[in-house]
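*Asks:* Contents of my_file29.cif (mmCIF, C-alpha atoms and all ligand atoms):
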```
data_model
loop_
_atom_site.label_atom_id
_atom_site.label_comp_id
_atom_site.auth_asym_id
_atom_site.auth_seq_id
_atom_site.Cartn_x
_atom_site.Cartn_y
_atom_site.Cartn_z
CA MET Q 1 3.10 0.25 -24.60
CA SER Q 2 6.88 0.01 -24.27
CA ALA Q 3 8.38 -2.95 -22.38
CA PRO Q 4 7.96 -2.87 -18.60
CA THR Q 5 11.06 -2.33 -16.52
CA SER Q 6 12.03 -2.99 -12.92
CA ILE Q 7 12.55 -0.08 -10.56
CA ALA Q 8 14.80 0.01 -7.50
CA LEU Q 9 14.91 2.59 -4.72
CA ARG Q 10 17.63 2.49 -2.10
CA GLY Q 11 18.36 5.12 0.50
CA SER Q 12 17.22 7.26 3.38
CA TYR Q 13 14.95 10.25 3.76
CA ARG Q 14 14.83 13.06 6.31
CA ILE Q 15 12.53 16.00 6.90
CA ALA Q 16 14.44 18.91 8.46
CA ASP Q 17 16.75 17.08 10.91
CA GLU Q 18 14.43 14.12 11.51
CA MET Q 19 15.14 10.81 9.79
CA LEU Q 20 11.84 9.44 8.42
CA PHE Q 21 13.26 6.19 7.05
CA ASP Q 22 16.73 4.75 6.68
CA GLY Q 23 18.24 1.75 4.91
CA VAL Q 24 15.25 1.27 2.62
CA ALA Q 25 15.71 -1.11 -0.32
CA LEU Q 26 12.58 -1.41 -2.44
CA THR Q 27 12.61 -3.36 -5.68
CA MET Q 28 9.65 -3.46 -8.05
CA PRO Q 29 10.20 -6.34 -10.49
CA ALA Q 30 9.26 -5.69 -14.11
CA GLY Q 31 5.70 -6.42 -15.14
CA GLU Q 32 4.50 -7.34 -11.64
CA TRP Q 33 2.50 -5.81 -8.79
CA SER Q 34 4.45 -4.70 -5.73
CA CYS Q 35 2.43 -3.60 -2.70
CA LEU Q 36 3.65 -1.20 -0.03
CA LEU Q 37 2.13 -1.08 3.45
CA GLY Q 38 3.17 0.55 6.72
CA ARG Q 39 1.82 2.74 9.46
CA SER Q 40 0.38 6.15 8.66
CA GLY Q 41 3.06 8.78 8.15
CA VAL Q 42 5.94 6.32 7.63
CA GLY Q 43 6.59 7.66 4.11
CA LYS Q 44 4.68 5.51 1.59
CA SER Q 45 3.29 8.40 -0.47
CA THR Q 46 6.68 10.07 -0.24
CA ILE Q 47 8.26 7.02 -1.89
CA LEU Q 48 5.77 7.26 -4.79
CA ARG Q 49 6.57 10.95 -5.21
CA LEU Q 50 10.31 10.26 -5.11
CA ILE Q 51 10.00 7.61 -7.83
CA LEU Q 52 8.02 10.08 -9.96
CA GLY Q 53 10.56 12.85 -9.37
CA LEU Q 54 7.92 15.09 -7.72
CA GLU Q 55 8.63 17.62 -5.02
CA THR Q 56 8.58 16.40 -1.39
CA ALA Q 57 8.99 18.11 1.98
CA GLY Q 58 12.39 16.57 2.81
CA GLN Q 59 15.67 15.29 1.41
CA PHE Q 60 16.35 11.86 -0.07
CA GLU Q 61 19.83 10.38 -0.11
CA GLY Q 62 20.28 7.34 -2.30
CA THR Q 63 19.44 6.02 -5.73
CA ILE Q 64 16.25 5.52 -7.71
CA ALA Q 65 16.68 3.81 -11.04
CA ALA Q 66 14.84 1.82 -13.68
CA GLY Q 67 16.37 -1.54 -14.58
CA ASP Q 68 16.65 -0.57 -18.24
CA GLY Q 69 18.63 2.56 -17.33
CA LYS Q 70 16.11 4.93 -18.92
CA PRO Q 71 14.36 7.80 -17.11
CA ILE Q 72 11.16 6.93 -15.20
CA GLY Q 73 9.42 10.25 -15.91
CA GLY Q 74 7.27 10.29 -19.02
CA ARG Q 75 6.35 6.61 -18.86
CA ALA Q 76 4.66 6.41 -15.47
CA SER Q 77 1.03 7.08 -14.57
CA TYR Q 78 0.08 8.09 -11.05
CA MET Q 79 -3.14 7.96 -9.08
CA ALA Q 80 -2.71 10.19 -6.04
CA GLN Q 81 -4.63 9.88 -2.75
CA SER Q 82 -6.57 13.03 -3.62
CA ASP Q 83 -8.40 12.35 -6.89
CA LEU Q 84 -7.05 15.44 -8.72
CA LEU Q 85 -10.24 15.68 -10.82
CA LEU Q 86 -10.72 19.13 -12.34
CA PRO Q 87 -13.98 20.53 -10.90
CA TRP Q 88 -15.01 22.42 -14.03
CA LEU Q 89 -14.81 19.38 -16.34
CA SER Q 90 -17.35 16.57 -16.73
CA LEU Q 91 -16.42 13.09 -15.54
CA ARG Q 92 -15.90 12.05 -19.18
CA GLU Q 93 -13.61 15.02 -19.92
CA ASN Q 94 -11.66 14.27 -16.72
CA VAL Q 95 -11.12 10.70 -17.86
CA VAL Q 96 -9.50 11.87 -21.13
CA LEU Q 97 -7.56 14.71 -19.50
CA GLY Q 98 -4.14 13.06 -19.76
CA VAL Q 99 -4.61 12.51 -23.49
CA ARG Q 100 -5.74 16.14 -23.98
CA LEU Q 101 -2.78 17.49 -21.98
CA ARG Q 102 -0.42 15.62 -24.31
CA GLY Q 103 -2.14 17.26 -27.27
CA GLU Q 104 -3.50 13.95 -28.55
CA ARG Q 105 -6.97 13.20 -29.82
CA PRO Q 106 -9.10 11.50 -27.13
CA ASP Q 107 -10.42 8.03 -27.88
CA PHE Q 108 -13.95 8.51 -26.54
CA ASP Q 109 -14.96 4.92 -27.34
CA LYS Q 110 -12.17 3.68 -25.06
CA ALA Q 111 -13.07 6.30 -22.44
CA ASP Q 112 -16.74 5.33 -22.49
CA ALA Q 113 -15.84 1.63 -22.19
CA MET Q 114 -13.64 2.42 -19.17
CA ILE Q 115 -16.35 4.60 -17.60
CA ALA Q 116 -18.77 1.67 -18.08
CA GLN Q 117 -16.31 -0.72 -16.43
CA VAL Q 118 -16.11 1.48 -13.33
CA GLY Q 119 -19.91 1.67 -13.30
CA LEU Q 120 -20.32 5.37 -14.03
CA THR Q 121 -22.00 5.44 -17.46
CA ASP Q 122 -25.10 7.22 -16.17
CA ASP Q 123 -22.92 9.85 -14.48
CA HIS Q 124 -20.51 10.63 -17.34
CA ALA Q 125 -21.80 14.18 -17.84
CA LYS Q 126 -21.68 15.16 -14.16
CA LYS Q 127 -19.02 17.43 -12.67
CA PRO Q 128 -16.87 15.99 -9.83
CA GLY Q 129 -18.74 18.12 -7.25
CA ALA Q 130 -21.90 16.12 -7.99
CA LEU Q 131 -20.22 12.75 -7.32
CA SER Q 132 -19.75 10.86 -4.05
CA GLY Q 133 -16.25 10.15 -2.73
CA GLY Q 134 -16.36 6.58 -4.03
CA MET Q 135 -17.61 7.72 -7.46
CA ARG Q 136 -14.82 10.28 -7.69
CA GLN Q 137 -12.30 7.60 -6.81
CA ARG Q 138 -13.67 5.34 -9.56
CA ALA Q 139 -13.47 8.26 -12.02
CA ALA Q 140 -9.82 8.82 -11.05
CA LEU Q 141 -9.19 5.08 -11.47
CA ALA Q 142 -10.75 5.16 -14.95
CA ARG Q 143 -8.46 8.06 -15.87
CA THR Q 144 -5.39 6.16 -14.62
CA LEU Q 145 -6.38 2.96 -16.46
CA MET Q 146 -6.83 4.97 -19.69
CA GLU Q 147 -3.11 5.78 -19.70
CA ASP Q 148 -1.01 3.28 -21.59
CA CYS Q 149 2.07 3.49 -19.36
CA PRO Q 150 4.40 0.58 -18.50
CA ILE Q 151 4.86 1.94 -14.93
CA VAL Q 152 1.83 2.62 -12.72
CA LEU Q 153 1.91 4.06 -9.20
CA LEU Q 154 -1.32 3.83 -7.19
CA ASP Q 155 -1.79 5.54 -3.82
CA GLU Q 156 -4.70 3.91 -1.94
CA PRO Q 157 -6.83 3.77 -5.11
CA PHE Q 158 -9.68 1.72 -3.60
CA SER Q 159 -9.84 3.23 -0.09
CA ALA Q 160 -13.20 5.03 -0.53
CA LEU Q 161 -15.07 2.08 -2.06
CA ASP Q 162 -17.61 -0.24 -0.46
CA ALA Q 163 -16.39 -3.83 -0.07
CA GLY Q 164 -18.16 -5.26 -3.13
CA THR Q 165 -17.15 -2.43 -5.46
CA ARG Q 166 -13.62 -2.59 -4.08
CA ALA Q 167 -13.28 -6.26 -5.05
CA ASP Q 168 -14.70 -5.47 -8.53
CA MET Q 169 -12.28 -2.55 -9.03
CA GLN Q 170 -9.35 -4.71 -7.87
CA ASP Q 171 -10.31 -7.29 -10.52
CA LEU Q 172 -10.57 -4.56 -13.17
CA ALA Q 173 -7.22 -2.96 -12.28
CA ALA Q 174 -5.47 -6.36 -12.20
CA ARG Q 175 -6.85 -7.15 -15.67
CA VAL Q 176 -6.13 -3.78 -17.30
CA LEU Q 177 -2.68 -3.39 -15.74
CA ALA Q 178 -1.48 -6.98 -16.31
CA GLY Q 179 2.14 -7.02 -17.47
CA ARG Q 180 2.92 -3.52 -16.17
CA THR Q 181 5.22 -2.61 -13.31
CA VAL Q 182 2.81 -1.51 -10.59
CA LEU Q 183 3.44 -0.10 -7.12
CA LEU Q 184 0.30 -0.11 -4.97
CA VAL Q 185 0.24 1.74 -1.65
CA THR Q 186 -2.50 0.36 0.59
CA HIS Q 187 -3.48 0.06 4.24
CA ASP Q 188 -5.46 -3.10 3.56
CA PRO Q 189 -3.57 -6.40 4.13
CA ALA Q 190 -6.31 -8.33 2.29
CA GLU Q 191 -5.91 -6.11 -0.76
CA ALA Q 192 -2.11 -6.43 -0.74
CA CYS Q 193 -2.25 -10.23 -0.41
CA ARG Q 194 -4.91 -10.47 -3.15
CA LEU Q 195 -3.13 -8.29 -5.73
CA GLY Q 196 0.56 -8.46 -4.91
CA HIS Q 197 3.24 -10.56 -6.55
CA HIS Q 198 5.33 -8.93 -3.80
CA VAL Q 199 4.29 -7.40 -0.48
CA ASN Q 200 6.59 -4.92 1.28
CA VAL Q 201 6.15 -3.38 4.71
CA LEU Q 202 7.87 -0.03 5.23
CA SER Q 203 9.12 1.05 8.65
CA ALA Q 204 11.58 3.69 9.86
CA THR Q 205 14.41 1.16 9.63
CA GLY Q 206 13.76 -0.39 6.25
CA ILE Q 207 11.52 -2.68 4.22
CA ALA Q 208 10.33 -6.13 5.27
CA HIS Q 209 9.33 -8.49 2.46
CA TRP Q 210 6.17 -10.35 3.40
CA PRO Q 211 5.67 -13.87 1.94
CA VAL Q 212 2.70 -14.11 -0.45
CA PRO Q 213 0.56 -17.18 -1.29
CA GLU Q 214 1.99 -19.51 -3.94
CA SER Q 215 -0.98 -18.93 -6.27
CA ALA Q 216 -0.65 -16.15 -8.85
CA PRO Q 217 -2.53 -12.86 -8.39
CA ILE Q 218 -5.24 -11.85 -8.60
CA ARG Q 219 -6.25 -14.31 -5.87
CA GLY Q 220 -9.78 -15.34 -5.02
CA VAL Q 221 -11.21 -13.57 -1.98
CA ASP Q 222 -11.91 -16.96 -0.38
CA ASP Q 223 -8.52 -18.55 -1.19
CA PRO Q 224 -7.58 -20.27 2.14
CA GLU Q 225 -3.88 -19.44 1.79
CA LEU Q 226 -4.78 -15.81 1.07
CA LEU Q 227 -6.94 -15.65 4.20
CA HIS Q 228 -4.13 -17.10 6.30
CA THR Q 229 -1.52 -14.72 4.84
CA GLN Q 230 -3.64 -11.59 5.25
CA ALA Q 231 -4.42 -12.53 8.88
CA SER Q 232 -0.75 -12.96 9.77
CA LEU Q 233 0.13 -9.72 7.93
CA LEU Q 234 -2.56 -7.87 9.91
CA SER Q 235 -1.10 -9.21 13.17
CA HIS Q 236 2.34 -8.05 12.08
CA LEU Q 237 1.02 -4.56 11.19
CA ARG Q 238 -0.74 -4.27 14.55
CA GLY Q 239 2.47 -5.19 16.31
CA ALA Q 240 4.43 -2.68 14.25
CA ALA Q 241 1.98 0.19 14.91
N1 LIG Q 301 4.27 19.03 2.67
C1 LIG Q 301 4.76 18.51 3.79
N2 LIG Q 301 5.41 19.26 4.69
C2 LIG Q 301 5.95 18.71 5.82
N3 LIG Q 301 5.88 17.40 6.11
C3 LIG Q 301 5.24 16.62 5.25
C4 LIG Q 301 4.64 17.11 4.05
N4 LIG Q 301 4.08 16.06 3.39
C5 LIG Q 301 4.29 14.97 4.16
N5 LIG Q 301 4.98 15.31 5.27
C6 LIG Q 301 5.39 14.39 6.32
O1 LIG Q 301 6.09 13.31 5.72
C7 LIG Q 301 5.83 12.12 6.43
C8 LIG Q 301 5.50 11.04 5.43
O2 LIG Q 301 4.27 11.39 4.76
P1 LIG Q 301 3.62 10.39 3.72
O3 LIG Q 301 2.42 11.07 3.17
O4 LIG Q 301 4.66 9.91 2.79
O5 LIG Q 301 3.19 9.18 4.69
P2 LIG Q 301 2.30 7.90 4.36
O6 LIG Q 301 3.04 6.72 4.88
O7 LIG Q 301 1.92 7.88 2.93
O8 LIG Q 301 1.03 8.21 5.28
P3 LIG Q 301 -0.54 7.79 5.13
O9 LIG Q 301 -0.58 6.30 5.26
O10 LIG Q 301 -1.17 8.47 6.30
O11 LIG Q 301 -1.03 8.29 3.80
C9 LIG Q 301 4.72 12.41 7.44
O12 LIG Q 301 5.29 12.45 8.71
C10 LIG Q 301 4.20 13.76 7.04
O13 LIG Q 301 3.84 14.50 8.16
#
```
Step by step, read the file and then write its structure as structure tokens.
Ligand SMILES: Nc1ncnc2c1ncn2[C@@H]1O[C@H](COP(=O)(O)OP(=O)(O)OP(=O)(O)O)[C@@H](O)[C@H]1O

*Replies:*
Amino acid sequence: MSAPTSIALRGSYRIADEMLFDGVALTMPAGEWSCLLGRSGVGKSTILRLILGLETAGQFEGTIAAGDGKPIGGRASYMAQSDLLLPWLSLRENVVLGVRLRGERPDFDKADAMIAQVGLTDDHAKKPGALSGGMRQRAALARTLMEDCPIVLLDEPFSALDAGTRADMQDLAARVLAGRTVLLVTHDPAEACRLGHHVNVLSATGIAHWPVPESAPIRGVDDPELLHTQASLLSHLRGAA
């Protein structure tokens, strides 16, 4: 993996004549997890797509740049809200899809180890249509974690999981993605406070930086400071809704 880099996005975004957000300044420090929260429809997924250089419905005015000055495309992996699993491929073939698309030889030992870590060994030969929503999300997570990219953008990657599995998958992602520049979009204040080196709340008028506990992520689910921080963040989000 090449060295991680910081990423900064500054600007405004409108759809047709409607301003969606203005005066946004989002910085993702190199090698750390930045979390992005905000009410539904405020533009969180749009920000991920803008960073990746993907098409969006509106127009962005501003700058998006990596700290090392190099292009972002080609060194970022992306887990979208929809799992993007190909229905005609087995779970195992879906997990190695990125490698195949680059014309490289899949490392099936690594893929099988990742499938085991997301708890899907017994299901590796099934097609996505035979998996539950949570199983599909774990398969998509395994595919994302297989990629050896220094920049990782995750759009609600744990939203379909039961509470216990969610905590396990957070632990796994934190371990596998340590040292990478990660942007995690989530609606869950507990998740953001557990995983984030930095927590950002997006609104129509900009980004608020939420203070995180002094302990380093990933934080224990029963860390008292974590519980206090996530409660005050939830109150803030309710007020902002
Ligand atoms: N293809 C599209 N055409 C028109 N408008 C769109 C399109 N995609 C998104 N939008 C609009 O852009 C705005 C931002 O959408 P986005 O998906 O970025 O929000 P979000 O904050 O990620 O929402 P959520 O938390 O519900 O996933 C929304 O108002 C949405 O209606």

*Asks:* Mind listing the residues within 7 Å of ligand LIG 301 (chain Q), all atoms listed in the file counted, as a PDB file with C-alpha atoms, in the coordinates of the input?

*Replies:*
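File produced: result_22.pdb:
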```pdb
ATOM      1  CA  ILE Q  15      12.530  16.000   6.900  1.00  0.00           C
ATOM      2  CA  LEU Q  20      11.840   9.440   8.420  1.00  0.00           C
ATOM      3  CA  GLY Q  38       3.170   0.550   6.720  1.00  0.00           C
ATOM      4  CA  ARG Q  39       1.820   2.740   9.460  1.00  0.00           C
ATOM      5  CA  SER Q  40       0.380   6.150   8.660  1.00  0.00           C
ATOM      6  CA  GLY Q  41       3.060   8.780   8.150  1.00  0.00           C
ATOM      7  CA  VAL Q  42       5.940   6.320   7.630  1.00  0.00           C
ATOM      8  CA  GLY Q  43       6.590   7.660   4.110  1.00  0.00           C
ATOM      9  CA  LYS Q  44       4.680   5.510   1.590  1.00  0.00           C
ATOM     10  CA  SER Q  45       3.290   8.400  -0.470  1.00  0.00           C
ATOM     11  CA  THR Q  46       6.680  10.070  -0.240  1.00  0.00           C
ATOM     12  CA  ILE Q  47       8.260   7.020  -1.890  1.00  0.00           C
ATOM     13  CA  THR Q  56       8.580  16.400  -1.390  1.00  0.00           C
ATOM     14  CA  ALA Q  57       8.990  18.110   1.980  1.00  0.00           C
ATOM     15  CA  HIS Q 187      -3.480   0.060   4.240  1.00  0.00           C
TER      16      HIS Q 187
END
```

*Asks:* Quick one: distance from CA of Leu36 in chain Q to CA of Asp17 in chain Q in Å, one decimal?

*Replies:*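 One can read the CA of Leu36 in chain Q to CA of Asp17 in chain Q distance as 25.0 Å.
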
*Asks:* Which residue out of Q:Gln81, Q:Arg136, Q:Leu227, Q:Arg102 has the minimum interatomic distance to Pro157 in chain Q when all atoms listed in the file are used?

*Replies:*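 Among the listed residues, the smallest separation from Pro157 in chain Q belongs to Q:Gln81.
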
*Asks:* Gln117 in chain Q: which residues within 10 Å, counting all atoms listed in the file, same-chain residues fewer than 6 positions away excluded, as a PyMOL selection string?

*Replies:* chain Q and resi 111+138+142+168-169+172

*Asks:* Here is a test: counting only C-alpha atoms, which residue of Q:Leu237, Q:Ile64, Q:Ala30, Q:Cys35 is nearest to Arg194 in chain Q?

*Replies:*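 That would be Q:Cys35, the residue with the smallest distance to Arg194 in chain Q.
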
*Asks:* At a cut-off of 10 Å from (2.4, -4.2, -10.0) in the coordinates of the file, what residues are picked up using all atoms listed in the file, written as an mmCIF file with C-alpha atoms, in the frame of the given file?

*Replies:*
```
data_model
loop_
_atom_site.group_PDB
_atom_site.id
_atom_site.type_symbol
_atom_site.label_atom_id
_atom_site.label_comp_id
_atom_site.auth_asym_id
_atom_site.auth_seq_id
_atom_site.Cartn_x
_atom_site.Cartn_y
_atom_site.Cartn_z
ATOM 1 C CA MET Q 28 9.650 -3.460 -8.050
ATOM 2 C CA PRO Q 29 10.200 -6.340 -10.490
ATOM 3 C CA ALA Q 30 9.260 -5.690 -14.110
ATOM 4 C CA GLY Q 31 5.700 -6.420 -15.140
ATOM 5 C CA GLU Q 32 4.500 -7.340 -11.640
ATOM 6 C CA TRP Q 33 2.500 -5.810 -8.790
ATOM 7 C CA SER Q 34 4.450 -4.700 -5.730
ATOM 8 C CA CYS Q 35 2.430 -3.600 -2.700
ATOM 9 C CA PRO Q 150 4.400 0.580 -18.500
ATOM 10 C CA ILE Q 151 4.860 1.940 -14.930
ATOM 11 C CA VAL Q 152 1.830 2.620 -12.720
ATOM 12 C CA LEU Q 153 1.910 4.060 -9.200
ATOM 13 C CA LEU Q 154 -1.320 3.830 -7.190
ATOM 14 C CA ALA Q 173 -7.220 -2.960 -12.280
ATOM 15 C CA ALA Q 174 -5.470 -6.360 -12.200
ATOM 16 C CA LEU Q 177 -2.680 -3.390 -15.740
ATOM 17 C CA ALA Q 178 -1.480 -6.980 -16.310
ATOM 18 C CA GLY Q 179 2.140 -7.020 -17.470
ATOM 19 C CA ARG Q 180 2.920 -3.520 -16.170
ATOM 20 C CA THR Q 181 5.220 -2.610 -13.310
ATOM 21 C CA VAL Q 182 2.810 -1.510 -10.590
ATOM 22 C CA LEU Q 183 3.440 -0.100 -7.120
ATOM 23 C CA LEU Q 184 0.300 -0.110 -4.970
ATOM 24 C CA LEU Q 195 -3.130 -8.290 -5.730
ATOM 25 C CA GLY Q 196 0.560 -8.460 -4.910
ATOM 26 C CA HIS Q 197 3.240 -10.560 -6.550
ATOM 27 C CA HIS Q 198 5.330 -8.930 -3.800
#
```

*Asks:* Between CA of Ser6 in chain Q and CA of Gly67 in chain Q, what is the distance in Å, rounded to a tenth?

*Replies:*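 Calculated distance between CA of Ser6 in chain Q and CA of Gly67 in chain Q is 4.9 Å.
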
*Asks:* Check the smallest atom-to-atom distance from each of Q:Leu101, Q:Leu91, Q:Leu233, Q:Leu52 to Leu120 in chain Q using all atoms listed in the file, then report the winner.

*Replies:* Q:Leu91

*Asks:* Please provide the set of residues having any atom within 7 Å of Thr186 in chain Q, restricted to only C-alpha atoms, with same-chain residues fewer than 5 positions apart removed, written as a PyMOL selection string.

*Replies:* chain Q and resi 36-37+155-156+192

*Asks:* Skipping near chain neighbours, those fewer than 6 positions away, what residues fall within 12 Å of Glu225 in chain Q using all atoms listed in the file, listed as a list in words?

*Replies:*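 Here the qualifying residues turn out to be Ala190, Cys193, Arg194, Pro211, Val212, Pro213, Glu214, Ser215, Ala216, Arg219, Ala231 and Ser232 of chain Q.
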
*Asks:* Any idea what the distance is between CA of Val201 in chain Q and CA of Arg10 in chain Q?

*Replies:*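 Separation of CA of Val201 in chain Q and CA of Arg10 in chain Q: 14.6 Å.
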
*Asks:* Using all atoms listed in the file, collect all residues at a distance of at most 10 Å from (15.1, 2.2, -22.3) as written in the file, then present them as a ChimeraX atom specification.

*Replies:* /Q:2-5,66-72
